[in-house]
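Trainee: Please find one structure pasted underneath; my questions will follow.
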Amino acid sequence: MILRVILGDQLSHQITSLSDIDAARDMVLLCEVRNEATRVPHHKKKIAFIFSAMRHFAAELEAAGYRTRYIRYDAPDNAGSLTGELERAIEALSPEQIIVTEPSEYAVLKEVESWKTHFPIPLEIRDDNRFLCTKDTFATWAEGRKQLRMEFFYREMRRTYGILMEDDKPVGGQWNYDAENRKPAKSGLDIPATYLSEPDSITQEVLELVGREFSEHFGDLEPFHFAVTAAQAQQALEQFIRERLCHFGDYQDAMLQGEPWMYHSHLSFYINCGLLSPLECIQKVEQAYRDGLAPLNAAEGFIRQILGWREYVRGIYWLKMPDYVSENFLGAERPLPEFYWSAATKMNCLRQCVAETKANAHAHHIQRLMVLGNFALLAGLNPKEVNQWFWIVYADAYEWVELPNVSGMVLFADGGLLASKPYAASGAYINRMSDYCKGCSYKVSKKNGPDACPFNYLYWDFLIRQQDKLGANPRMGMPYRTLSKMDAAKVDLIRADSTRFLQAVDAGEIV
Ligand code: FAD
Ligand code: DLZ
Ligand code: SF4
């Protein structure tokens with residue numbers, strides 16, 4: 001008998017570990033374990049999502065005639081770890097071989113690799129072919145390049161997969177239509193709802209379990225509306241293509257108060273845990289464009305996120321682990337403020353984004369990057385603490401995707417490996433791309449003083465503090481030229497406001 005281990009983010013019937021399964025001979029092991037649920041103390045909704053999706057996946061395998069050994073979280077003899085559960089399965093079943101697809105995260109891969117010496121049974125670790133660029137292909141692409149740039153990687157991927165290509169040229173003549181994708185959104189837009197499923201009896205049981213066992217974890221457990229099967233995730237994809245893809249590009253960078261979902265796809269949860277195939281999402285969106293159902297800027301913008309960014313950050317993760325976790329190029333040491341959990345802040349943009357994160361285990365990209373991330377960058381928050389937060393709070397978070405986005409894209413902690421410059425911005429950017437500022441206690445038009453938008457002075461204070469490290473960056477030339485023309489009195493005001501504000505943050509005051 002071969003024991004085939006499926007992890008909680010490998011819920012795909014096409015996963016390599018199941019490719020040659022023999023229904024009569026083999027057994028599939030899935031286990032809900034404390035170690036995985038608390039590797040970081042995940043948002044309650046994320047644990048419920050993964051457990052429910054795991055249970056539905058096991059039920060589908062059973063219905064298709066395969067044998068499963070499913071260990072529930074509250075099983076009395078649950079060993080609490082993947083290794084512990086494998087040990088129990090080996091004792092009970094005496095398999096002749098173990099097959100597993102490589103885990104997506106470094107620590108879990110190391111744990112799985114340790115099974116080779118830990119157990120006297122042959123172990124086969126297979127590649128994860130859900131990713132479209134192998135670790136080796138990425139490493140070869142990266143080799144010898146002084147700077148890694150997503151845009152060039154993305155073009156290679158478009159060529160390799162023949163996506164949005166006409167012979168060897170990009171459809172429409174350009175690789176990238178981002179210039180068309182920066183429209184602010186006006187309130188009053190009639191944004192179609194996100195996909196909503198109703199919890200069935202399996203999900204209800206999981207919700208009770210998570211409410212009982214993880215009451216201390218961050219976030220609201222209910223209402224719970226995620227898709228938990230591949231069929232439901234398919235419906236979510238089709239609904240996105242039908243109802244929101246047409247405006248995906250236009251409003252990709254826009255934020256509106258009370259609109260946590262906007263025109264995004266809300267598919268990352270499903271792609272990352274295996275319920276949806278990334279290539280299928282790309283191909284369906286390309287088809288929608290070719291059928292005239294979506295404009296090119298929308299289809300290309302969406303495809304770039306998955307074929308480009310998603311693969312690129314995964315490549316960087318494996319290229320740079322395990323050291324990537326400890327990167328702190330800018331020497332940022334400030335602890336994460338309490339308002340990242342409580343939303344208790346007078347800064348309306350941050351209050352909205354944290355509250356939506358708590359409610360939905362989701363925030364859209366520009367909220368993560370330009371509000372939650374931007375503040376962390378400008379205030380000099382410690383990368384380890386910021387990474388922990390981003391890993392804990394989002395239902396789509398796994399270290400392989402969260403870490404490069406946070407340390408590379410947001411915090412510039414890798415010194416510019418992933419991004420050519422920090423995405424630092426003042427309140428003017430948030431005001432242009434959202435309607436948050438009109439409901440804020442601070443004034444976005446004011447640059448200094450107690451009622452000025454903190455992003456305004458923190459932006460310049462950040463540039464002043466980091467001049468040694470960023471001053472020579474050619475892409476930062478413009479702001480540093482402006483800074484060099486500022487008179488000393490203005491610089492003093494910026495420094496004084498920033499010191500006062502950050503001292504209040506450190507003292508735990510409501511800022
Ligand atoms: P859409 O806007 O509809 O984009 C389509 C798909 O593209 C997404 O589903 C996702 O699979 C992919 N994608 C888009 N941007 C990225 C990106 N930068 N990196 C990787 N994939 C991308 N994404 C995660 O999946 N997990 C995370 O833990 C995560 N952490 C992030 C942390 C920070 C600080 C930032 C700035 C971004 C992070 N992202 C993460 C990327 C992005 O914000 C989410 O993928 C996106 O918000 C998910 O919502 P969506 O499915 O509606 O995405
Ligand atoms: C995210 C998650 C959670 C919350 N729980 C489990 C679990 O109990 N069992 C499991 O196999 N996987 C879980 N996962 C997903 C894993 O964390 C994910 O598969 C690994 O981190 C990938 O390296
Ligand atoms: Fe955020 Fe500043 Fe706007 Fe307030 S004024 S919402 S703090 S950007």
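Within each chain, counting starts at residue 1; across the structure tokens, chains are named A, B, ... in the order shown, with ligands numbered 1 upward in that order.
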Write out as an MDAnalysis selection string each polymer residue whose atoms come within 7 Å of Ile99 of chain A, counting only C-alpha atoms; drop sequence neighbours fewer than 6 positions from it.
Mentor: chainID A and resid 3:5 17 123:125
Trainee: Can I get the selected residues back with all heavy atoms, as a short mmCIF file (atom, residue, chain, number, x, y, z; two decimals), in the first residue's frame?
Mentor:
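The result, written out as out27.cif:
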data_model
loop_
_atom_site.label_atom_id
_atom_site.label_comp_id
_atom_site.auth_asym_id
_atom_site.auth_seq_id
_atom_site.Cartn_x
_atom_site.Cartn_y
_atom_site.Cartn_z
N LEU A 3 1.05 5.22 0.83
CA LEU A 3 0.36 6.26 1.57
C LEU A 3 0.63 7.59 0.88
O LEU A 3 1.79 7.98 0.71
CB LEU A 3 0.88 6.28 3.02
CG LEU A 3 0.16 7.22 3.97
CD1 LEU A 3 -1.31 6.84 4.13
CD2 LEU A 3 0.85 7.20 5.34
N ARG A 4 -0.42 8.28 0.48
CA ARG A 4 -0.27 9.55 -0.25
C ARG A 4 -0.74 10.67 0.66
O ARG A 4 -1.90 10.69 1.08
CB ARG A 4 -1.07 9.51 -1.55
CG ARG A 4 -0.52 8.43 -2.49
CD ARG A 4 -1.42 8.21 -3.68
NE ARG A 4 -0.96 7.04 -4.43
CZ ARG A 4 -0.13 7.10 -5.48
NH1 ARG A 4 0.32 8.26 -5.90
NH2 ARG A 4 0.25 5.99 -6.08
N VAL A 5 0.20 11.57 0.98
CA VAL A 5 -0.10 12.62 1.94
C VAL A 5 -0.54 13.88 1.18
O VAL A 5 0.14 14.31 0.24
CB VAL A 5 1.15 12.96 2.80
CG1 VAL A 5 0.82 14.02 3.84
CG2 VAL A 5 1.68 11.69 3.47
N SER A 17 0.94 14.18 -6.39
CA SER A 17 0.98 13.05 -5.45
C SER A 17 -0.16 12.05 -5.69
O SER A 17 -0.10 10.92 -5.20
CB SER A 17 0.93 13.55 -4.00
OG SER A 17 -0.19 14.40 -3.85
N LEU A 123 10.49 7.46 0.68
CA LEU A 123 9.66 8.67 0.57
C LEU A 123 9.91 9.31 -0.78
O LEU A 123 11.07 9.53 -1.16
CB LEU A 123 10.05 9.65 1.69
CG LEU A 123 9.49 11.08 1.57
CD1 LEU A 123 8.00 11.10 1.89
CD2 LEU A 123 10.23 12.04 2.51
N GLU A 124 8.86 9.60 -1.51
CA GLU A 124 9.01 10.32 -2.77
C GLU A 124 8.37 11.70 -2.63
O GLU A 124 7.17 11.80 -2.35
CB GLU A 124 8.35 9.53 -3.90
CG GLU A 124 8.62 10.14 -5.26
CD GLU A 124 7.87 9.42 -6.39
OE1 GLU A 124 7.48 8.25 -6.23
OE2 GLU A 124 7.67 10.08 -7.43
N ILE A 125 9.19 12.75 -2.87
CA ILE A 125 8.64 14.11 -2.84
C ILE A 125 8.55 14.58 -4.28
O ILE A 125 9.56 14.71 -4.97
CB ILE A 125 9.55 15.06 -2.03
CG1 ILE A 125 9.75 14.53 -0.60
CG2 ILE A 125 8.96 16.47 -2.00
CD1 ILE A 125 10.72 15.34 0.25
#
Trainee: Env of Glu87 of chain A: 12 Å cut, atoms = only C-alpha atoms, seq-sep filter 2 positions within chain, self excluded. Answer as a list of chain:residue names.
Mentor: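 The residues that qualify are A:Leu3, A:Leu29, A:Asn78, A:Ala79, A:Gly80, A:Ser81, A:Leu82, A:Thr83, A:Gly84, A:Glu85, A:Ala89, A:Ile90, A:Glu91, A:Ala92, A:Leu93, A:Ser94, A:Pro95, A:Ile98, A:Trp115, A:His118, A:Phe119, A:Pro120, A:Ile121.
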Trainee: Could you please take those selected residues and save C-alpha atoms as an mmCIF file, in the first residue's frame?
Mentor:
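Final file, selection24.cif:
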data_model
loop_
_atom_site.group_PDB
_atom_site.id
_atom_site.type_symbol
_atom_site.label_atom_id
_atom_site.label_comp_id
_atom_site.auth_asym_id
_atom_site.auth_seq_id
_atom_site.Cartn_x
_atom_site.Cartn_y
_atom_site.Cartn_z
ATOM 1 C CA LEU A 3 0.356 6.261 1.575
ATOM 2 C CA LEU A 29 -3.825 10.860 4.414
ATOM 3 C CA ASN A 78 -4.723 13.608 17.216
ATOM 4 C CA ALA A 79 -0.925 13.888 17.417
ATOM 5 C CA GLY A 80 -0.951 17.619 16.661
ATOM 6 C CA SER A 81 1.639 17.614 13.872
ATOM 7 C CA LEU A 82 2.042 16.289 10.343
ATOM 8 C CA THR A 83 5.003 14.151 11.422
ATOM 9 C CA GLY A 84 3.114 12.817 14.440
ATOM 10 C CA GLU A 85 0.138 11.904 12.284
ATOM 11 C CA ALA A 89 -0.577 6.248 10.024
ATOM 12 C CA ILE A 90 2.575 4.178 9.464
ATOM 13 C CA GLU A 91 1.942 2.231 12.660
ATOM 14 C CA ALA A 92 -1.654 1.574 11.694
ATOM 15 C CA LEU A 93 -1.219 0.847 7.985
ATOM 16 C CA SER A 94 2.391 -0.291 7.401
ATOM 17 C CA PRO A 95 2.672 1.350 3.974
ATOM 18 C CA ILE A 98 5.022 7.447 1.107
ATOM 19 C CA TRP A 115 10.740 11.948 7.123
ATOM 20 C CA HIS A 118 12.796 9.576 10.565
ATOM 21 C CA PHE A 119 10.865 6.691 9.006
ATOM 22 C CA PRO A 120 12.327 3.501 7.511
ATOM 23 C CA ILE A 121 10.083 3.727 4.451
#
Trainee: Let me make sure I understand: among A:Ala37, A:Ser434, A:Leu275, A:Ala233, which one has the smallest atom-to-atom distance to Pro184 of chain A if we use only C-alpha atoms?
Mentor: A:Ser434
Trainee: Can you list, as a list in words, every protein, DNA or RNA residue that comes within 10 Å of segment 132-141 of chain A when you count only C-alpha atoms, leaving out same-chain residues fewer than 5 positions away?
Mentor: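 Result of the neighbour search: Asp127, Leu148, Phe152, Phe153, Glu156, Met157, Thr160, Tyr161, Pro278, Leu279, Ile306, Leu307, Gly308, Arg310, Glu311, Tyr312, Arg314, Gly315, Ile316, Tyr317, Trp318 and Leu319 of chain A.
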Trainee: Taking only C-alpha atoms and all ligand atoms into account, list the residues no farther than 8 Å from ligand 3, as a PyMOL selection string.
Mentor: chain A and resi 346-350+371+426-431+435-445+452-456
Trainee: Fewer than 2 positions away in the same chain doesn't count, so skip those; otherwise give me all residues within 12 Å of Trp175 of chain A, counting only C-alpha atoms, as an MDAnalysis selection string.
Mentor: chainID A and resid 151:159 163:166 168:173 177:179 296:297 299:301 303:304 308
Trainee: Quick one: distance from atom CA of Ala294 of chain A to atom CA of Met370 of chain A in Å, one decimal?
Mentor: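 Computed distance, atom CA of Ala294 of chain A to atom CA of Met370 of chain A, equals 26.8 Å.
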Trainee: Set the distance at 6 Å and use only C-alpha atoms: which residues neighbour Phe248 of chain A once local chain neighbours fewer than 5 positions away are removed? I'd like the list as a list in words.
Mentor: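 Selected residues are Tyr263, His264 and Ala298 of chain A.
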Trainee: Select the residues contacting ligand 2 at a distance of at most 7 Å, based on only C-alpha atoms and all ligand atoms, then format the selection as a list in words.
Mentor: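 Checking only C-alpha atoms and all ligand atoms against ligand 2 at 7 Å gives Ile6, Leu7, Gly8, Asp9, Gln10, Leu30, Cys31, Glu32, Val33, Arg34, Glu36, Ala37, His42, Lys46, Ile47, Ile50, Phe51, Leu82, Pro103, Ser104, Glu105, Tyr106, Val108, Leu109 and Tyr398 of chain A.
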Trainee: Can you tell me which residues come within 7 Å of ligand 1 when counting only C-alpha atoms and all ligand atoms, ideally as an mmCIF file with N, CA and C atoms, in the first residue's frame?
Mentor:
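Output (pocket.cif):
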data_model
loop_
_atom_site.group_PDB
_atom_site.id
_atom_site.type_symbol
_atom_site.label_atom_id
_atom_site.label_comp_id
_atom_site.auth_asym_id
_atom_site.auth_seq_id
_atom_site.Cartn_x
_atom_site.Cartn_y
_atom_site.Cartn_z
ATOM 1 N N GLN A 252 -8.396 48.749 -10.638
ATOM 2 C CA GLN A 252 -7.481 47.853 -9.927
ATOM 3 C C GLN A 252 -6.821 48.530 -8.724
ATOM 4 N N HIS A 264 -12.051 43.213 -7.998
ATOM 5 C CA HIS A 264 -11.019 42.178 -7.997
ATOM 6 C C HIS A 264 -11.677 40.795 -8.150
ATOM 7 N N SER A 265 -10.826 39.778 -8.279
ATOM 8 C CA SER A 265 -11.390 38.446 -8.564
ATOM 9 C C SER A 265 -11.759 37.665 -7.304
ATOM 10 N N HIS A 266 -11.090 37.942 -6.198
ATOM 11 C CA HIS A 266 -11.301 37.219 -4.927
ATOM 12 C C HIS A 266 -11.099 35.717 -5.129
ATOM 13 N N LEU A 267 -10.044 35.397 -5.838
ATOM 14 C CA LEU A 267 -9.784 33.991 -6.148
ATOM 15 C C LEU A 267 -8.508 33.474 -5.488
ATOM 16 N N SER A 268 -7.724 34.363 -4.879
ATOM 17 C CA SER A 268 -6.428 33.928 -4.337
ATOM 18 C C SER A 268 -6.585 32.808 -3.306
ATOM 19 N N PHE A 269 -7.646 32.865 -2.492
ATOM 20 C CA PHE A 269 -7.850 31.794 -1.498
ATOM 21 C C PHE A 269 -7.907 30.444 -2.201
ATOM 22 N N ILE A 271 -7.046 29.640 -5.429
ATOM 23 C CA ILE A 271 -5.871 29.255 -6.226
ATOM 24 C C ILE A 271 -4.789 28.707 -5.294
ATOM 25 N N ASN A 272 -4.588 29.391 -4.174
ATOM 26 C CA ASN A 272 -3.463 29.012 -3.303
ATOM 27 C C ASN A 272 -3.665 27.675 -2.601
ATOM 28 N N PHE A 302 -5.146 41.237 -15.312
ATOM 29 C CA PHE A 302 -5.438 40.069 -14.464
ATOM 30 C C PHE A 302 -4.396 38.970 -14.697
ATOM 31 N N GLN A 305 -1.068 39.440 -13.056
ATOM 32 C CA GLN A 305 -1.015 39.164 -11.611
ATOM 33 C C GLN A 305 -0.689 37.693 -11.347
ATOM 34 N N ILE A 306 -1.264 36.817 -12.158
ATOM 35 C CA ILE A 306 -1.094 35.383 -11.871
ATOM 36 C C ILE A 306 0.132 34.808 -12.577
ATOM 37 N N TRP A 309 3.238 38.186 -11.414
ATOM 38 C CA TRP A 309 3.550 38.416 -9.997
ATOM 39 C C TRP A 309 3.538 37.152 -9.154
ATOM 40 N N ARG A 310 2.503 36.343 -9.314
ATOM 41 C CA ARG A 310 2.379 35.171 -8.432
ATOM 42 C C ARG A 310 3.566 34.222 -8.606
ATOM 43 N N VAL A 313 6.975 36.007 -7.306
ATOM 44 C CA VAL A 313 7.230 36.034 -5.856
ATOM 45 C C VAL A 313 7.553 34.628 -5.347
ATOM 46 N N ALA A 363 -8.151 41.686 2.248
ATOM 47 C CA ALA A 363 -8.139 43.105 1.862
ATOM 48 C C ALA A 363 -7.583 43.071 0.454
ATOM 49 N N HIS A 364 -8.000 44.031 -0.370
ATOM 50 C CA HIS A 364 -7.500 43.930 -1.743
ATOM 51 C C HIS A 364 -6.097 44.532 -1.846
ATOM 52 N N HIS A 365 -5.479 44.303 -2.989
ATOM 53 C CA HIS A 365 -4.046 44.529 -3.111
ATOM 54 C C HIS A 365 -3.624 45.939 -2.718
ATOM 55 N N ILE A 366 -4.353 46.911 -3.169
ATOM 56 C CA ILE A 366 -3.880 48.271 -2.981
ATOM 57 C C ILE A 366 -4.076 48.702 -1.518
ATOM 58 N N ARG A 368 -3.564 46.528 0.919
ATOM 59 C CA ARG A 368 -2.404 45.889 1.567
ATOM 60 C C ARG A 368 -1.128 46.687 1.299
ATOM 61 N N LEU A 369 -0.998 47.134 0.042
ATOM 62 C CA LEU A 369 0.258 47.777 -0.366
ATOM 63 C C LEU A 369 0.324 49.242 0.076
ATOM 64 N N GLY A 373 0.602 48.495 4.203
ATOM 65 C CA GLY A 373 2.030 48.324 3.955
ATOM 66 C C GLY A 373 2.766 49.655 3.972
ATOM 67 N N PHE A 390 0.784 39.894 8.373
ATOM 68 C CA PHE A 390 0.208 39.607 7.054
ATOM 69 C C PHE A 390 -0.049 38.106 6.871
ATOM 70 N N TRP A 391 0.751 37.285 7.500
ATOM 71 C CA TRP A 391 0.580 35.833 7.385
ATOM 72 C C TRP A 391 -0.640 35.371 8.200
ATOM 73 N N TYR A 394 -4.747 37.011 6.636
ATOM 74 C CA TYR A 394 -5.417 36.817 5.341
ATOM 75 C C TYR A 394 -5.638 35.340 5.031
ATOM 76 N N ASP A 396 -5.714 33.995 2.248
ATOM 77 C CA ASP A 396 -4.888 33.520 1.127
ATOM 78 C C ASP A 396 -3.400 33.471 1.494
ATOM 79 N N ALA A 397 -3.077 33.710 2.786
ATOM 80 C CA ALA A 397 -1.664 33.887 3.147
ATOM 81 C C ALA A 397 -0.939 32.565 3.399
ATOM 82 N N TYR A 398 0.152 32.395 2.712
ATOM 83 C CA TYR A 398 1.116 31.318 2.950
ATOM 84 C C TYR A 398 2.459 32.010 2.896
ATOM 85 N N GLU A 399 3.429 31.495 3.607
ATOM 86 C CA GLU A 399 4.686 32.232 3.681
ATOM 87 C C GLU A 399 5.297 32.496 2.307
ATOM 88 N N VAL A 401 4.099 33.336 -0.438
ATOM 89 C CA VAL A 401 3.562 34.481 -1.194
ATOM 90 C C VAL A 401 3.531 35.746 -0.339
ATOM 91 N N GLU A 402 3.259 35.561 0.971
ATOM 92 C CA GLU A 402 3.191 36.723 1.864
ATOM 93 C C GLU A 402 4.577 37.362 2.045
ATOM 94 N N ASN A 405 6.035 39.551 -0.806
ATOM 95 C CA ASN A 405 5.211 40.747 -0.947
ATOM 96 C C ASN A 405 5.493 41.739 0.174
ATOM 97 N N VAL A 406 5.642 41.226 1.389
ATOM 98 C CA VAL A 406 5.838 42.123 2.529
ATOM 99 C C VAL A 406 7.290 42.614 2.585
ATOM 100 N N MET A 409 8.195 43.737 -1.620
ATOM 101 C CA MET A 409 7.432 44.803 -2.273
ATOM 102 C C MET A 409 7.139 45.961 -1.331
ATOM 103 N N VAL A 410 6.729 45.635 -0.098
ATOM 104 C CA VAL A 410 6.253 46.690 0.797
ATOM 105 C C VAL A 410 7.389 47.340 1.592
#
Trainee: Which value, in Å to one decimal, gives the distance between atom CA of Glu385 of chain A and atom CA of Glu327 of chain A?
Mentor: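 It comes out at 12.3 Å.
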Trainee: Can you tell me, as a ChimeraX atom specification, what residues are no more than 7 Å from Val511 of chain A when counting only C-alpha atoms, ignoring any on the same chain fewer than 4 positions away?
Mentor: /A:345-346,504-505
Trainee: Identify, with DSSP run on backbone atoms, the residues in segment 96-300 of chain A assigned to alpha helix (DSSP H), and express the list as a PyMOL selection string.
Mentor: chain A and resi 106-118+135-142+150-161+201-213+230-243+245-248+268-273+278-290+296-300
Trainee: Tell me which of A:Leu417, A:Ile71, A:Leu245, A:Leu237 sits closest to Pro295 of chain A, counting only C-alpha atoms.
Mentor: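 The closest residue to Pro295 of chain A is A:Leu245.
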Trainee: With DSSP run on the backbone, what are the strand (DSSP E) residues within segment 70-254 of chain A? I'd like them as a PyMOL selection string.
Mentor: chain A and resi 70-71+97-101+123-126+165-166+169-170
Trainee: Save out the residues we just selected, all heavy atoms, as a compact mmCIF listing (two decimals), in the first residue's frame.
Mentor:
# COMPACT_ATOMS: atom_id res chain seq x y z
N TYR A 70 -8.69 10.30 7.29
CA TYR A 70 -8.89 11.72 7.59
C TYR A 70 -8.88 11.92 9.10
O TYR A 70 -9.69 11.35 9.82
CB TYR A 70 -10.24 12.22 7.02
CG TYR A 70 -10.28 13.73 7.04
CD1 TYR A 70 -9.93 14.48 5.92
CD2 TYR A 70 -10.61 14.42 8.21
CE1 TYR A 70 -9.92 15.87 5.95
CE2 TYR A 70 -10.59 15.81 8.26
CZ TYR A 70 -10.25 16.52 7.12
OH TYR A 70 -10.22 17.91 7.15
N ILE A 71 -7.92 12.73 9.55
CA ILE A 71 -7.80 12.96 11.00
C ILE A 71 -8.41 14.33 11.32
O ILE A 71 -7.90 15.36 10.88
CB ILE A 71 -6.32 12.94 11.45
CG1 ILE A 71 -5.60 11.68 10.95
CG2 ILE A 71 -6.22 13.09 12.97
CD1 ILE A 71 -6.18 10.36 11.46
N GLN A 97 5.42 2.60 0.88
CA GLN A 97 6.00 3.85 0.36
C GLN A 97 5.13 5.04 0.76
O GLN A 97 3.92 4.89 0.94
CB GLN A 97 6.09 3.78 -1.17
CG GLN A 97 6.96 4.87 -1.75
CD GLN A 97 6.87 4.95 -3.29
OE1 GLN A 97 6.11 4.23 -3.92
NE2 GLN A 97 7.64 5.85 -3.87
N ILE A 98 5.79 6.21 0.85
CA ILE A 98 5.02 7.45 1.11
C ILE A 98 5.26 8.37 -0.08
O ILE A 98 6.41 8.55 -0.51
CB ILE A 98 5.50 8.14 2.41
CG1 ILE A 98 5.26 7.21 3.60
CG2 ILE A 98 4.80 9.46 2.62
CD1 ILE A 98 6.16 7.50 4.76
N ILE A 99 4.20 8.95 -0.57
CA ILE A 99 4.33 9.93 -1.68
C ILE A 99 3.67 11.23 -1.24
O ILE A 99 2.55 11.23 -0.70
CB ILE A 99 3.67 9.40 -2.97
CG1 ILE A 99 4.43 8.16 -3.46
CG2 ILE A 99 3.66 10.48 -4.06
CD1 ILE A 99 3.88 7.54 -4.73
N VAL A 100 4.38 12.32 -1.49
CA VAL A 100 3.83 13.64 -1.15
C VAL A 100 4.30 14.63 -2.20
O VAL A 100 5.40 14.49 -2.75
CB VAL A 100 4.26 14.06 0.29
CG1 VAL A 100 5.77 14.19 0.41
CG2 VAL A 100 3.60 15.35 0.74
N THR A 101 3.47 15.60 -2.51
CA THR A 101 3.90 16.71 -3.36
C THR A 101 4.62 17.73 -2.48
O THR A 101 4.23 17.95 -1.34
CB THR A 101 2.68 17.35 -4.07
OG1 THR A 101 2.15 16.37 -4.97
CG2 THR A 101 3.06 18.60 -4.85
N LEU A 123 10.49 7.46 0.68
CA LEU A 123 9.66 8.67 0.57
C LEU A 123 9.91 9.31 -0.78
O LEU A 123 11.07 9.53 -1.16
CB LEU A 123 10.05 9.65 1.69
CG LEU A 123 9.49 11.08 1.57
CD1 LEU A 123 8.00 11.10 1.89
CD2 LEU A 123 10.23 12.04 2.51
N GLU A 124 8.86 9.60 -1.51
CA GLU A 124 9.01 10.32 -2.77
C GLU A 124 8.37 11.70 -2.63
O GLU A 124 7.17 11.80 -2.35
CB GLU A 124 8.35 9.53 -3.90
CG GLU A 124 8.62 10.14 -5.26
CD GLU A 124 7.87 9.42 -6.39
OE1 GLU A 124 7.48 8.25 -6.23
OE2 GLU A 124 7.67 10.08 -7.43
N ILE A 125 9.19 12.75 -2.87
CA ILE A 125 8.64 14.11 -2.84
C ILE A 125 8.55 14.58 -4.28
O ILE A 125 9.56 14.71 -4.97
CB ILE A 125 9.55 15.06 -2.03
CG1 ILE A 125 9.75 14.53 -0.60
CG2 ILE A 125 8.96 16.47 -2.00
CD1 ILE A 125 10.72 15.34 0.25
N ARG A 126 7.33 14.84 -4.74
CA ARG A 126 7.14 15.21 -6.15
C ARG A 126 7.05 16.72 -6.34
O ARG A 126 6.62 17.44 -5.44
CB ARG A 126 5.86 14.55 -6.69
CG ARG A 126 5.98 13.03 -6.70
CD ARG A 126 4.77 12.39 -7.33
NE ARG A 126 4.99 10.95 -7.45
CZ ARG A 126 4.06 10.07 -7.79
NH1 ARG A 126 2.83 10.48 -8.06
NH2 ARG A 126 4.36 8.80 -7.89
N MET A 165 -0.67 36.13 -26.96
CA MET A 165 0.40 36.31 -27.96
C MET A 165 -0.19 36.19 -29.37
O MET A 165 -1.15 35.44 -29.58
CB MET A 165 1.50 35.25 -27.80
CG MET A 165 2.24 35.28 -26.47
SD MET A 165 3.17 36.79 -26.17
CE MET A 165 4.48 36.64 -27.37
N GLU A 166 0.37 36.96 -30.28
CA GLU A 166 0.07 36.80 -31.69
C GLU A 166 1.41 36.50 -32.34
O GLU A 166 2.25 37.40 -32.41
CB GLU A 166 -0.53 38.08 -32.28
CG GLU A 166 -1.77 37.83 -33.09
CD GLU A 166 -3.00 38.44 -32.43
OE1 GLU A 166 -3.00 39.66 -32.21
OE2 GLU A 166 -3.92 37.68 -32.10
N LYS A 169 4.57 38.16 -30.85
CA LYS A 169 4.31 39.54 -30.38
C LYS A 169 3.15 39.54 -29.38
O LYS A 169 2.21 38.75 -29.51
CB LYS A 169 3.92 40.42 -31.57
CG LYS A 169 4.97 40.56 -32.65
CD LYS A 169 5.77 41.83 -32.43
CE LYS A 169 6.77 42.14 -33.52
NZ LYS A 169 7.48 41.00 -34.10
N PRO A 170 3.20 40.47 -28.42
CA PRO A 170 2.07 40.54 -27.49
C PRO A 170 0.81 41.05 -28.20
O PRO A 170 0.91 41.97 -29.04
CB PRO A 170 2.55 41.56 -26.44
CG PRO A 170 3.60 42.37 -27.11
CD PRO A 170 4.25 41.48 -28.12
